[in-house]
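The block underneath contains the structure these notes are about, expressed in structure tokens.
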Amino acid sequence: MSQSASQAAAFFRDVARTGRLWTVRDEGGYPAPYGSTGGRAQPFWSTESRVRRIIKLVPAYAAFDAEELDLTQWRDHWLPNFRKSGIRLGINWSGPRAAGYDFTPDEVQNRLAAQGLATWSRPPAEG
């Protein structure tokens, strides 16, 4: 298994277990750099220690603060916006360049459903 695959597997396992995830933010908002597929991707991490390691090691993230998110709120409010905007989700990016896999919102939802979160099997209704 590649490093990126290992990191992605850990993300889905960790967030399914804890119901929490992390991103970064500064006064300008949330970053969405170009991901591994060439499109924009907002990064998310499964633990505080992972996101803090990136903030410490990767100069491009040094000015950001870690932000903890509730998984259910993220599903209900964030994922629909990512679907509309076409933003992908960077999952447990790691290393000196903060690199790894990025997924579509539907791919993330399907993988979380596979972790036993039955309520993740269908996108929430949009209002």
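Ordering of the structure tokens sets the chain letters (A, B, ...); residue numbers start at 1 within each chain; ligands are numbered from 1 in the order shown.
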
Legend entry - Ala41 in chain A environment, 9 Å, only C-alpha atoms, sequence neighbours closer than 2 positions dropped, as a list in words: Pro31, Ala32, Pro33, Tyr34, Gly35, Ser36, Thr37, Gly38, Gly39, Pro43, Gly86, Ile87, Arg88, Leu89, Gly90, Asp102, Phe103 and Thr104 of chain A

Could you give me, as JSON lines, a per-residue list for range 50-112 of chain A showing, wherever an atom lies at most 9 Å from an atom of range 26-30 of chain A, the closest pair of atoms and their distance in Å to one decimal, using only C-alpha atoms and sorting by chain then residue number from low to high?
```
{"residue": "A:Ala63", "atom": "CA", "partner": "A:Asp26", "partner_atom": "CA", "distance": 6.9}
{"residue": "A:Phe64", "atom": "CA", "partner": "A:Asp26", "partner_atom": "CA", "distance": 4.9}
{"residue": "A:Asp65", "atom": "CA", "partner": "A:Asp26", "partner_atom": "CA", "distance": 6.2}
{"residue": "A:Ala66", "atom": "CA", "partner": "A:Asp26", "partner_atom": "CA", "distance": 9.0}
```

Inset, instruction - List the neighbours of Ser94 in chain A out to 12 Å using only C-alpha atoms; skip same-chain residues closer than 6 positions along the sequence, and give me the result as a ChimeraX atom specification. - result: /A:3-8,10-11,43-46,49-58,61,100-101

Inset, instruction - One decimal, Å: what's the distance from CA of Arg83 in chain A over to CA of Pro96 in chain A, could you say? - result: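 Separation of CA of Arg83 in chain A and CA of Pro96 in chain A: 28.8 Å.
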
Inset, instruction - Based on DSSP run over this structure's backbone, return all residues of chain A in helix (DSSP H, G or I), as an MDAnalysis selection string. - result: chainID A and resid 3:18 48:57 59:61 71:85 105:114 118:120

Inset, instruction - Write out as a ChimeraX atom specification which residues come within 8 Å of Val15 in chain A when counting only C-alpha atoms, dropping same-chain ones fewer than 5 positions away. - result: /A:20-21,46,71

Inset, instruction - Rank nothing, just name the residue among A:Gln109, A:Glu48, A:Gln42, A:Glu67 nearest to Arg25 in chain A, using only C-alpha atoms. - result: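 Closest candidate: A:Glu67.
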
Inset, instruction - Name the residues of chain A that come out as strand (DSSP E) in a backbone DSSP run; write them as a PyMOL selection string. - result: chain A and resi 20-25+41-44+65-70+88-91+102-103

Inset, instruction - Identify which of the residues A:Ile91, A:Arg97, A:Asp76, A:Val108 lies closest to Ala60 in chain A, counting only C-alpha atoms when measuring atom-to-atom distances. - result: A:Arg97
